[in-house]
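As stored in final.tsv (TSV, C-alpha atoms and all ligand atoms):
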```tsv
chain	number	residue	atom	x	y	z
A	1	MET	CA	-4.33	71.99	13.12
A	2	ASN	CA	-0.79	73.28	12.79
A	3	PRO	CA	-0.83	76.34	10.47
A	4	GLU	CA	2.82	75.81	9.55
A	5	LEU	CA	2.09	72.30	8.33
A	6	ILE	CA	-0.91	73.59	6.35
A	7	GLU	CA	1.42	76.07	4.70
A	8	GLN	CA	3.94	73.32	3.97
A	9	HIS	CA	1.31	71.24	2.21
A	10	ALA	CA	0.01	74.26	0.29
A	11	ASN	CA	3.55	75.03	-0.84
A	12	ARG	CA	4.08	71.39	-1.79
A	13	LEU	CA	1.00	71.51	-4.00
A	14	LEU	CA	2.00	74.86	-5.49
A	15	GLY	CA	5.36	73.29	-6.33
A	16	ALA	CA	3.58	70.36	-7.96
A	17	MET	CA	1.33	72.71	-9.94
A	18	THR	CA	4.40	74.66	-11.04
A	19	GLY	CA	6.02	71.41	-12.15
A	20	ALA	CA	2.94	70.37	-14.12
A	21	ALA	CA	2.63	73.81	-15.75
A	22	THR	CA	6.33	73.94	-16.56
A	23	THR	CA	6.15	70.46	-18.09
A	24	ALA	CA	3.32	71.67	-20.34
A	25	MET	CA	5.51	74.63	-21.36
A	26	VAL	CA	8.37	72.21	-22.07
A	27	ALA	CA	6.03	70.24	-24.33
A	28	VAL	CA	5.30	73.46	-26.27
A	29	GLY	CA	9.00	74.25	-26.61
A	30	ASP	CA	9.75	70.69	-27.67
A	31	ARG	CA	6.94	70.70	-30.24
A	32	LEU	CA	8.05	74.00	-31.81
A	33	GLY	CA	11.80	73.31	-31.73
A	34	LEU	CA	12.40	76.33	-29.48
A	35	TYR	CA	15.13	74.69	-27.39
A	36	ARG	CA	16.94	73.52	-30.49
A	37	ALA	CA	16.74	77.03	-31.98
A	38	LEU	CA	18.19	78.52	-28.79
A	39	ALA	CA	20.91	75.85	-28.62
A	40	ASP	CA	21.91	76.22	-32.26
A	41	GLY	CA	21.51	79.98	-32.65
A	42	GLY	CA	22.59	81.19	-29.21
A	43	PRO	CA	20.92	83.69	-26.86
A	44	ALA	CA	17.86	85.44	-28.25
A	45	THR	CA	15.27	88.10	-27.54
A	46	PRO	CA	11.65	87.15	-28.30
A	47	PRO	CA	11.76	88.80	-31.79
A	48	GLU	CA	15.08	87.10	-32.56
A	49	LEU	CA	13.71	83.69	-31.58
A	50	ALA	CA	10.57	84.48	-33.60
A	51	ALA	CA	12.73	85.16	-36.66
A	52	ARG	CA	14.54	81.84	-36.16
A	53	THR	CA	11.49	79.68	-35.61
A	54	GLY	CA	8.52	81.38	-37.25
A	55	ALA	CA	6.67	81.41	-33.91
A	56	ALA	CA	4.89	84.63	-32.84
A	57	ALA	CA	7.11	86.97	-30.76
A	58	ARG	CA	4.32	87.89	-28.34
A	59	TYR	CA	3.80	84.25	-27.37
A	60	LEU	CA	7.54	83.69	-27.17
A	61	GLN	CA	7.85	86.61	-24.76
A	62	GLU	CA	5.60	84.80	-22.29
A	63	TRP	CA	7.17	81.38	-22.90
A	64	LEU	CA	10.73	82.66	-22.52
A	65	SER	CA	9.78	84.48	-19.30
A	66	GLN	CA	8.18	81.31	-17.92
A	67	GLN	CA	11.22	79.21	-18.81
A	68	ALA	CA	13.56	81.71	-17.19
A	69	ALA	CA	11.38	81.84	-14.07
A	70	ALA	CA	11.45	78.03	-14.01
A	71	GLY	CA	15.26	78.09	-14.15
A	72	PHE	CA	15.82	76.55	-17.57
A	73	LEU	CA	16.89	79.79	-19.26
A	74	ASP	CA	19.17	82.61	-18.07
A	75	TYR	CA	17.88	86.13	-18.68
A	76	THR	CA	20.30	89.00	-19.26
A	77	ALA	CA	18.67	92.29	-18.33
A	78	GLY	CA	21.20	94.35	-20.34
A	79	ASP	CA	20.30	93.07	-23.80
A	80	GLY	CA	16.99	91.34	-23.02
A	81	ARG	CA	18.26	87.99	-24.34
A	82	TYR	CA	17.52	84.52	-23.00
A	83	THR	CA	20.28	81.89	-22.90
A	84	LEU	CA	19.99	78.10	-22.95
A	85	THR	CA	23.25	76.87	-21.45
A	86	ALA	CA	24.96	73.79	-22.87
A	87	GLU	CA	23.93	71.83	-19.77
A	88	ALA	CA	20.28	72.83	-20.12
A	89	ALA	CA	20.45	72.03	-23.85
A	90	ALA	CA	21.63	68.50	-23.02
A	91	VAL	CA	18.37	67.95	-21.14
A	92	LEU	CA	16.02	69.97	-23.33
A	93	ALA	CA	17.32	70.37	-26.87
A	94	PHE	CA	19.25	67.38	-28.16
A	95	GLU	CA	17.30	64.17	-28.67
A	96	THR	CA	20.53	62.13	-28.88
A	97	SER	CA	21.95	63.44	-25.61
A	98	PRO	CA	22.05	60.80	-22.82
A	99	ALA	CA	20.51	63.42	-20.51
A	100	PHE	CA	17.64	64.32	-22.89
A	101	LEU	CA	14.35	64.42	-20.98
A	102	ALA	CA	12.15	66.94	-22.82
A	103	GLY	CA	10.74	64.13	-24.99
A	104	GLY	CA	9.92	61.87	-22.07
A	105	ALA	CA	8.31	64.77	-20.23
A	106	THR	CA	5.62	64.92	-22.93
A	107	ILE	CA	4.20	61.64	-21.59
A	108	THR	CA	2.35	63.74	-19.00
A	109	ARG	CA	0.09	65.03	-21.80
A	110	GLY	CA	-1.24	61.49	-22.12
A	111	TRP	CA	-1.82	61.19	-18.39
A	112	PHE	CA	-3.80	64.42	-18.18
A	113	ALA	CA	-5.87	63.31	-21.18
A	114	GLY	CA	-6.63	60.06	-19.35
A	115	ILE	CA	-7.85	61.45	-16.01
A	116	ASP	CA	-11.60	60.85	-16.57
A	117	ARG	CA	-11.04	57.33	-17.83
A	118	LEU	CA	-8.74	56.53	-14.91
A	119	ALA	CA	-11.20	57.86	-12.33
A	120	GLU	CA	-13.86	55.59	-13.84
A	121	ALA	CA	-11.45	52.65	-13.63
A	122	PHE	CA	-10.94	53.40	-9.92
A	123	ARG	CA	-14.73	53.07	-9.49
A	124	THR	CA	-15.06	49.77	-11.35
A	125	GLY	CA	-11.66	48.19	-10.75
A	126	ALA	CA	-11.47	47.37	-14.46
A	127	GLY	CA	-8.22	47.72	-16.39
A	128	ILE	CA	-7.48	50.13	-19.23
A	129	PRO	CA	-6.03	48.31	-22.23
A	130	TRP	CA	-2.67	49.66	-23.37
A	131	HIS	CA	-4.02	50.46	-26.85
A	132	GLU	CA	-6.73	52.69	-25.36
A	133	GLN	CA	-4.21	55.05	-23.76
A	134	ASP	CA	-3.72	58.48	-25.33
A	135	PRO	CA	-1.10	58.26	-28.12
A	136	ALA	CA	1.06	60.74	-26.16
A	137	VAL	CA	1.68	57.84	-23.75
A	138	PHE	CA	3.19	55.66	-26.49
A	139	LEU	CA	5.39	58.39	-27.89
A	140	GLY	CA	6.32	59.69	-24.43
A	141	THR	CA	7.29	56.17	-23.33
A	142	GLU	CA	9.56	55.79	-26.33
A	143	ARG	CA	11.18	59.16	-25.79
A	144	PHE	CA	11.51	58.70	-22.02
A	145	PHE	CA	13.36	55.39	-22.22
A	146	ARG	CA	15.32	55.74	-25.46
A	147	PRO	CA	18.11	58.02	-24.09
A	148	GLY	CA	18.83	55.52	-21.30
A	149	TYR	CA	18.93	52.60	-23.74
A	150	ALA	CA	21.12	54.57	-26.16
A	151	ALA	CA	23.54	55.39	-23.35
A	152	ASN	CA	23.65	51.94	-21.73
A	153	LEU	CA	22.14	49.02	-23.61
A	154	THR	CA	24.96	48.00	-25.94
A	155	THR	CA	27.81	49.74	-24.12
A	156	GLU	CA	27.13	48.87	-20.45
A	157	TRP	CA	24.33	46.35	-20.00
A	158	LEU	CA	25.06	43.77	-22.72
A	159	PRO	CA	28.81	43.68	-21.97
A	160	ALA	CA	27.85	42.82	-18.37
A	161	LEU	CA	26.15	39.62	-19.61
A	162	PRO	CA	28.84	36.95	-20.09
A	163	GLY	CA	29.20	35.84	-23.70
A	164	VAL	CA	26.15	37.68	-25.03
A	165	ALA	CA	27.85	40.49	-26.96
A	166	ASP	CA	30.21	37.99	-28.63
A	167	ARG	CA	27.33	35.78	-29.73
A	168	LEU	CA	25.42	38.71	-31.19
A	169	ALA	CA	28.52	40.04	-32.89
A	170	ALA	CA	28.93	36.62	-34.54
A	171	GLY	CA	25.31	36.60	-35.76
A	172	GLY	CA	23.12	35.40	-32.88
A	173	ARG	CA	19.35	35.81	-32.49
A	174	VAL	CA	17.79	38.41	-30.25
A	175	ALA	CA	14.16	39.17	-29.35
A	176	ASP	CA	12.92	42.40	-27.79
A	177	VAL	CA	9.59	41.48	-26.17
A	178	GLY	CA	7.18	44.38	-25.58
A	179	CYS	CA	9.34	46.39	-27.98
A	180	GLY	CA	6.99	49.38	-28.22
A	181	HIS	CA	8.23	51.73	-30.94
A	182	GLY	CA	11.37	49.63	-31.35
A	183	ALA	CA	14.00	51.95	-29.87
A	184	ALA	CA	16.02	49.19	-28.20
A	185	ALA	CA	15.70	46.68	-31.04
A	186	ILE	CA	17.00	49.32	-33.44
A	187	LEU	CA	20.00	50.03	-31.20
A	188	LEU	CA	20.74	46.28	-31.09
A	189	ALA	CA	20.50	45.93	-34.88
A	190	GLN	CA	22.83	48.91	-35.31
A	191	ALA	CA	25.39	47.57	-32.83
A	192	TYR	CA	25.32	43.97	-34.11
A	193	PRO	CA	24.96	44.01	-37.91
A	194	LEU	CA	25.18	40.19	-38.19
A	195	ALA	CA	22.57	39.47	-35.54
A	196	SER	CA	18.99	38.54	-36.39
A	197	VAL	CA	16.87	41.05	-34.44
A	198	HIS	CA	13.16	40.55	-33.72
A	199	GLY	CA	10.82	42.96	-31.97
A	200	TYR	CA	7.50	41.68	-30.60
A	201	ASP	CA	4.63	43.66	-29.12
A	202	PHE	CA	0.93	42.95	-28.79
A	203	HIS	CA	0.05	46.57	-29.70
A	204	GLU	CA	-0.39	46.69	-33.47
A	205	ARG	CA	0.01	50.46	-33.78
A	206	SER	CA	3.33	50.34	-31.89
A	207	VAL	CA	4.57	47.58	-34.18
A	208	GLU	CA	3.63	49.70	-37.24
A	209	ILE	CA	5.56	52.66	-35.82
A	210	ALA	CA	8.53	50.42	-34.98
A	211	ARG	CA	8.61	49.31	-38.62
A	212	GLN	CA	8.60	52.96	-39.72
A	213	ARG	CA	11.46	53.71	-37.33
A	214	ALA	CA	13.44	50.77	-38.77
A	215	THR	CA	12.92	52.08	-42.29
A	216	GLN	CA	14.03	55.57	-41.21
A	217	ALA	CA	17.16	54.00	-39.68
A	218	ASP	CA	17.89	52.10	-42.92
A	219	LEU	CA	17.45	48.76	-41.20
A	220	ASP	CA	14.79	47.21	-43.43
A	221	GLY	CA	15.46	43.50	-43.78
A	222	ARG	CA	17.81	43.45	-40.79
A	223	ILE	CA	15.14	43.78	-38.14
A	224	HIS	CA	11.70	42.19	-37.93
A	225	PHE	CA	8.83	43.71	-35.95
A	226	GLU	CA	5.77	41.52	-35.46
A	227	THR	CA	2.58	41.57	-33.43
A	228	PHE	CA	2.77	38.89	-30.77
A	229	ASP	CA	1.80	38.55	-27.14
A	230	ALA	CA	4.67	38.11	-24.68
A	231	THR	CA	3.54	34.51	-24.26
A	232	GLY	CA	3.06	33.71	-27.95
A	233	TYR	CA	6.06	34.66	-30.09
A	234	PRO	CA	8.05	31.91	-31.85
A	235	ALA	CA	10.26	29.86	-29.53
A	236	ALA	CA	13.12	30.23	-31.97
A	237	GLY	CA	16.16	29.53	-29.80
A	238	PHE	CA	17.12	33.12	-29.03
A	239	ASP	CA	20.57	33.90	-27.66
A	240	LEU	CA	19.15	36.96	-25.96
A	241	ILE	CA	15.59	37.88	-25.01
A	242	CYS	CA	15.02	41.42	-23.72
A	243	LEU	CA	12.08	42.59	-21.64
A	244	LEU	CA	12.75	46.29	-21.32
A	245	ASP	CA	10.45	48.28	-19.03
A	246	THR	CA	7.75	45.81	-19.99
A	247	LEU	CA	7.52	42.92	-17.50
A	248	HIS	CA	5.45	44.89	-14.99
A	249	ASP	CA	2.99	45.93	-17.74
A	250	LEU	CA	2.07	42.33	-18.50
A	251	GLY	CA	-1.06	40.66	-17.15
A	252	ASP	CA	0.88	37.43	-16.70
A	253	PRO	CA	4.59	38.13	-16.19
A	254	ALA	CA	5.04	34.60	-14.83
A	255	ALA	CA	3.77	33.09	-18.09
A	256	ALA	CA	5.89	35.55	-20.09
A	257	LEU	CA	9.04	34.49	-18.24
A	258	ALA	CA	8.14	30.80	-18.65
A	259	HIS	CA	7.69	31.43	-22.38
A	260	ALA	CA	11.02	33.26	-22.55
A	261	ARG	CA	12.64	30.25	-20.86
A	262	LYS	CA	11.23	28.01	-23.63
A	263	ALA	CA	12.17	30.43	-26.41
A	264	LEU	CA	15.83	30.68	-25.33
A	265	ALA	CA	18.76	28.82	-26.86
A	266	ALA	CA	20.25	26.28	-24.46
A	267	ASP	CA	22.72	28.76	-22.98
A	268	GLY	CA	20.80	31.93	-23.81
A	269	THR	CA	20.22	34.92	-21.55
A	270	VAL	CA	17.17	36.98	-20.65
A	271	LEU	CA	17.74	40.67	-19.95
A	272	VAL	CA	15.04	42.18	-17.75
A	273	VAL	CA	15.17	45.94	-17.31
A	274	GLU	CA	12.64	47.32	-14.87
A	275	PRO	CA	12.05	50.70	-13.24
A	276	ASN	CA	14.50	51.03	-10.35
A	277	ALA	CA	12.77	50.50	-7.02
A	278	ALA	CA	13.76	49.40	-3.53
A	279	ASP	CA	12.27	46.11	-2.33
A	280	ASP	CA	11.30	47.73	0.95
A	281	HIS	CA	8.14	49.76	0.33
A	282	ALA	CA	8.75	52.37	3.01
A	283	ALA	CA	12.31	52.92	1.77
A	284	ASN	CA	11.05	53.16	-1.78
A	285	LEU	CA	8.67	55.99	-0.89
A	286	ALA	CA	11.73	58.09	-0.05
A	287	ASN	CA	13.18	57.66	-3.56
A	288	PRO	CA	13.15	61.11	-5.24
A	289	LEU	CA	11.64	59.55	-8.38
A	290	ALA	CA	9.00	57.53	-6.51
A	291	ALA	CA	6.16	60.07	-6.84
A	292	LEU	CA	6.66	60.18	-10.61
A	293	SER	CA	7.03	56.41	-10.88
A	294	TYR	CA	3.90	55.65	-8.87
A	295	ALA	CA	1.99	58.16	-11.04
A	296	ALA	CA	3.19	56.35	-14.18
A	297	SER	CA	2.21	53.08	-12.53
A	298	THR	CA	-1.26	54.39	-11.66
A	299	PHE	CA	-1.92	55.97	-15.06
A	300	GLN	CA	-0.58	53.32	-17.41
A	301	CYS	CA	1.28	50.27	-16.04
A	302	THR	CA	-1.21	48.95	-13.49
A	303	PRO	CA	-4.33	49.54	-15.63
A	304	ALA	CA	-2.58	47.96	-18.65
A	305	ALA	CA	-1.81	44.82	-16.65
A	306	LEU	CA	-5.29	44.68	-15.07
A	307	ALA	CA	-6.82	44.75	-18.58
A	308	GLN	CA	-5.07	41.48	-19.47
A	309	ALA	CA	-5.67	37.89	-18.51
A	310	GLY	CA	-3.29	36.64	-15.85
A	311	GLY	CA	-4.26	38.23	-12.60
A	312	PHE	CA	-0.97	40.02	-11.93
A	313	ALA	CA	-0.52	43.77	-11.78
A	314	LEU	CA	2.99	44.16	-10.45
A	315	GLY	CA	2.99	47.94	-10.74
A	316	ALA	CA	6.01	49.91	-11.88
A	317	GLN	CA	7.67	49.83	-8.46
A	318	ALA	CA	7.51	46.13	-7.64
A	319	GLY	CA	11.25	45.91	-6.94
A	320	PRO	CA	13.85	43.34	-8.06
A	321	ALA	CA	13.09	40.72	-5.37
A	322	VAL	CA	9.60	40.08	-6.82
A	323	VAL	CA	11.02	39.80	-10.33
A	324	SER	CA	13.71	37.38	-9.09
A	325	ARG	CA	11.07	35.18	-7.47
A	326	LEU	CA	9.02	35.10	-10.67
A	327	ALA	CA	12.15	34.25	-12.66
A	328	THR	CA	13.10	31.41	-10.33
A	329	ASP	CA	9.57	30.00	-10.52
A	330	ALA	CA	9.79	30.20	-14.33
A	331	GLY	CA	12.84	27.92	-14.33
A	332	PHE	CA	15.77	30.34	-14.26
A	333	SER	CA	18.40	29.10	-11.84
A	334	HIS	CA	20.63	32.14	-12.17
A	335	VAL	CA	19.26	35.65	-11.47
A	336	ARG	CA	21.71	38.51	-11.00
A	337	LYS	CA	21.51	42.28	-10.85
A	338	VAL	CA	24.13	43.53	-13.32
A	339	ALA	CA	23.60	47.29	-13.38
A	340	GLU	CA	21.36	50.14	-12.38
A	341	THR	CA	20.69	53.75	-13.29
A	342	ALA	CA	18.53	56.31	-11.50
A	343	VAL	CA	15.67	55.10	-13.70
A	344	ASN	CA	16.31	51.39	-14.26
A	345	VAL	CA	17.52	48.21	-12.62
A	346	VAL	CA	19.08	45.60	-14.94
A	347	LEU	CA	18.74	41.87	-14.28
A	348	GLU	CA	20.37	38.89	-15.97
A	349	LEU	CA	18.36	35.65	-16.05
A	350	ARG	CA	19.92	32.37	-17.19
A	351	PRO	CA	18.53	28.83	-17.22
B	401	LIG	C1	6.25	50.69	-21.04
B	401	LIG	S1	6.15	50.08	-22.66
B	401	LIG	C2	7.86	49.75	-23.02
B	401	LIG	C3	8.12	49.70	-24.49
B	401	LIG	C4	9.59	49.50	-24.87
B	401	LIG	N1	10.12	48.24	-24.37
B	401	LIG	C5	10.40	50.65	-24.38
B	401	LIG	O1	11.09	50.48	-23.36
B	401	LIG	O2	10.34	51.74	-24.97
B	401	LIG	C6	5.48	48.47	-22.43
B	401	LIG	C7	5.20	47.73	-23.75
B	401	LIG	O3	4.71	46.43	-23.45
B	401	LIG	C8	3.74	46.10	-24.40
B	401	LIG	N2	2.90	45.04	-23.83
B	401	LIG	C9	2.07	45.12	-22.77
B	401	LIG	N3	1.48	43.93	-22.55
B	401	LIG	C10	1.96	43.08	-23.50
B	401	LIG	C11	1.73	41.70	-23.78
B	401	LIG	N4	0.91	40.96	-23.04
B	401	LIG	N5	2.41	41.16	-24.81
B	401	LIG	C12	3.25	41.90	-25.57
B	401	LIG	N6	3.50	43.21	-25.35
B	401	LIG	C13	2.86	43.78	-24.31
B	401	LIG	C14	3.01	47.40	-24.65
B	401	LIG	O4	2.30	47.39	-25.86
B	401	LIG	C15	4.17	48.39	-24.62
B	401	LIG	O5	4.68	48.62	-25.90
```
Would you put the structure from the file into structure tokens?
Amino acid sequence: MNPELIEQHANRLLGAMTGAATTAMVAVGDRLGLYRALADGGPATPPELAARTGAAARYLQEWLSQQAAAGFLDYTAGDGRYTLTAEAAAVLAFETSPAFLAGGATITRGWFAGIDRLAEAFRTGAGIPWHEQDPAVFLGTERFFRPGYAANLTTEWLPALPGVADRLAAGGRVADVGCGHGAAAILLAQAYPLASVHGYDFHERSVEIARQRATQADLDGRIHFETFDATGYPAAGFDLICLLDTLHDLGDPAAALAHARKALAADGTVLVVEPNAADDHAANLANPLAALSYAASTFQCTPAALAQAGGFALGAQAGPAVVSRLATDAGFSHVRKVAETAVNVVLELRP
């Protein structure tokens, strides 16, 4: 035994514990609007932040200290105030910022709540149906992916698909399959007022929430959310079918792609957005986001797929080569990577 390596592993775990604890503190700040109050009102002492938010100063004293120790806040010894810089606010305070991550971070609440159930699934090999996940998983998924879609979907990704934006602008038909709470479908309906936008998901509660989100966005009548499996929605000649961070959650992604092929208009396009991963497994393990992505895959994606008929469980880090093979088998002759972010890889599929 090498004592230095033991220390390295102990420090690695302490770092992981610190990350988990800090994420829980972020969830508290997010829930109480503390970041927003610091961003809007400027630097504050605990009593000043208490006056702004109604939260108890004694608790805030501990929370502010933790957040400063974690590096999110700057502490000024002279006046005892804590500052959230504009850069930190972009990540923690403003839901519409492209860098916003505090909402997505709350997904970890759902994972911790699911530990016992997951351990049991390891023993039996059985899946965990998506609808049996903790609700924090659904909301955290929406809030994790929405900033990336808002920053890229209609401004970067769709313009990279030849002809698609023009067709939607002229009133084409688009389906978002596995739409969850509807974040992407809503962005599409907002960007293309003449398009007919349909969101499909097999999870009834998500579809209900998507409808509420559409109402809040004043899009009633312009967007239609319905409960359908990825292999069972109407084959209505869509100009664009989106599968956004969904394909790897499906029990039968091959059947879903074959159905998308049938549901497309003659020269329609399928947009598949998947978690970004290298095709080479060893290389992928070195990705700085891999530990988080494999945790997401273990907690929610793989068990969700195993709970469905189909026999696939791609996992969240399958890589684009696997998806390309499935697409080719499903009858798409043209598969092309059109974009990527740190989080996502973006693929165009055409018949
Ligand atoms: C990771 S979430 C992504 C949700 C949404 N596209 C987003 O990016 O925010 C995966 C979604 O796929 C849905 N889903 C899983 N299996 C499905 C199936 N067989 N048919 C339809 N939807 C499915 C889940 O209910 C969930 O909403």
Identify, counting only C-alpha atoms and all ligand atoms, the protein, DNA and RNA residues located within 8 Å of ligand LIG 401 (chain B), and give them as an NGL selection string. :A and (130-131 or 138 or 141-146 or 176-184 or 200-203 or 206 or 227-231 or 243-247 or 249-252 or 256 or 301 or 304-305 or 308)
Report as JSON the centre and the edge lengths, in Å to one decimal, of the axis-aligned box holding every listed atom of stretch 49-58 of chain A, padded by 6 Å on each side.
```
{"center_x": 9.4, "center_y": 83.8, "center_z": -32.8, "size_x": 22.2, "size_y": 20.2, "size_z": 20.9}
```
Proximity to A:Gly140 - best of A:Ala263, A:Ala296, A:Ala51, A:Ala327, only C-alpha atoms: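 That would be A:Ala296, the residue with the smallest distance to A:Gly140.
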A:Trp157, A:Phe332, A:Phe100, A:Phe238: which is nearest A:Asp30, counting all atoms listed in the file?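 Using all atoms listed in the file, the shortest distance to A:Asp30 belongs to A:Phe100.
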I'd like the contact shell of A:Gly319 - 6 Å cut-off, all atoms listed in the file, skipping same-chain residues fewer than 5 positions apart - returned as a list in words. Ala277, Ala278 and Asp279 of chain A
Calculated over only C-alpha atoms, which of the candidates A:Asp134, A:Ile128, A:Gly310, A:Ala185 has the smallest distance to A:Ala210?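 The answer is A:Ala185, which sits nearest to A:Ala210.
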Between A:Ala39, A:Ala77, A:Leu219, A:Val345, which one has atoms that come closest to A:Ala90, using all atoms listed in the file?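 The shortest atom-to-atom distance to A:Ala90 comes from A:Ala39.
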Between atom CA of A:Gln216 and atom CA of A:Ala189, what distance in Å does the model show, to one decimal? 13.2 Å
Got a minute to add N, CA and C atoms to stretch 29-48 of chain A and dump it as a compact mmCIF listing (two decimals), in the frame of the given file?
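Result went into part36.txt, see below:
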```txt
# COMPACT_ATOMS: atom_id res chain seq x y z
N GLY A 29 7.67 73.95 -26.08
CA GLY A 29 9.00 74.25 -26.61
C GLY A 29 9.56 73.10 -27.44
N ASP A 30 9.29 71.88 -26.96
CA ASP A 30 9.75 70.69 -27.67
C ASP A 30 9.04 70.59 -29.02
N ARG A 31 7.72 70.82 -29.01
CA ARG A 31 6.94 70.70 -30.24
C ARG A 31 7.40 71.71 -31.31
N LEU A 32 7.72 72.93 -30.86
CA LEU A 32 8.05 74.00 -31.81
C LEU A 32 9.55 74.10 -32.12
N GLY A 33 10.35 73.26 -31.48
CA GLY A 33 11.80 73.31 -31.73
C GLY A 33 12.46 74.54 -31.13
N LEU A 34 11.87 75.08 -30.05
CA LEU A 34 12.40 76.33 -29.48
C LEU A 34 13.74 76.09 -28.78
N TYR A 35 13.85 74.96 -28.09
CA TYR A 35 15.13 74.69 -27.39
C TYR A 35 16.24 74.51 -28.41
N ARG A 36 15.94 73.78 -29.45
CA ARG A 36 16.94 73.52 -30.49
C ARG A 36 17.38 74.84 -31.12
N ALA A 37 16.41 75.74 -31.36
CA ALA A 37 16.74 77.03 -31.98
C ALA A 37 17.62 77.86 -31.05
N LEU A 38 17.35 77.79 -29.75
CA LEU A 38 18.19 78.52 -28.79
C LEU A 38 19.58 77.88 -28.70
N ALA A 39 19.61 76.55 -28.73
CA ALA A 39 20.91 75.85 -28.62
C ALA A 39 21.76 76.12 -29.86
N ASP A 40 21.14 76.06 -31.02
CA ASP A 40 21.91 76.22 -32.26
C ASP A 40 22.26 77.68 -32.55
N GLY A 41 21.33 78.59 -32.25
CA GLY A 41 21.51 79.98 -32.65
C GLY A 41 22.04 80.89 -31.55
N GLY A 42 22.09 80.38 -30.32
CA GLY A 42 22.59 81.19 -29.21
C GLY A 42 21.49 82.05 -28.60
N PRO A 43 21.89 82.87 -27.61
CA PRO A 43 20.92 83.69 -26.86
C PRO A 43 20.05 84.52 -27.80
N ALA A 44 18.79 84.73 -27.37
CA ALA A 44 17.86 85.44 -28.25
C ALA A 44 16.86 86.25 -27.45
N THR A 45 16.44 87.36 -28.03
CA THR A 45 15.27 88.10 -27.54
C THR A 45 14.05 87.41 -28.15
N PRO A 46 12.84 87.76 -27.68
CA PRO A 46 11.65 87.15 -28.30
C PRO A 46 11.59 87.40 -29.82
N PRO A 47 11.82 88.62 -30.32
CA PRO A 47 11.76 88.80 -31.79
C PRO A 47 12.83 88.00 -32.52
N GLU A 48 14.03 87.89 -31.91
CA GLU A 48 15.08 87.10 -32.56
C GLU A 48 14.70 85.62 -32.65
```
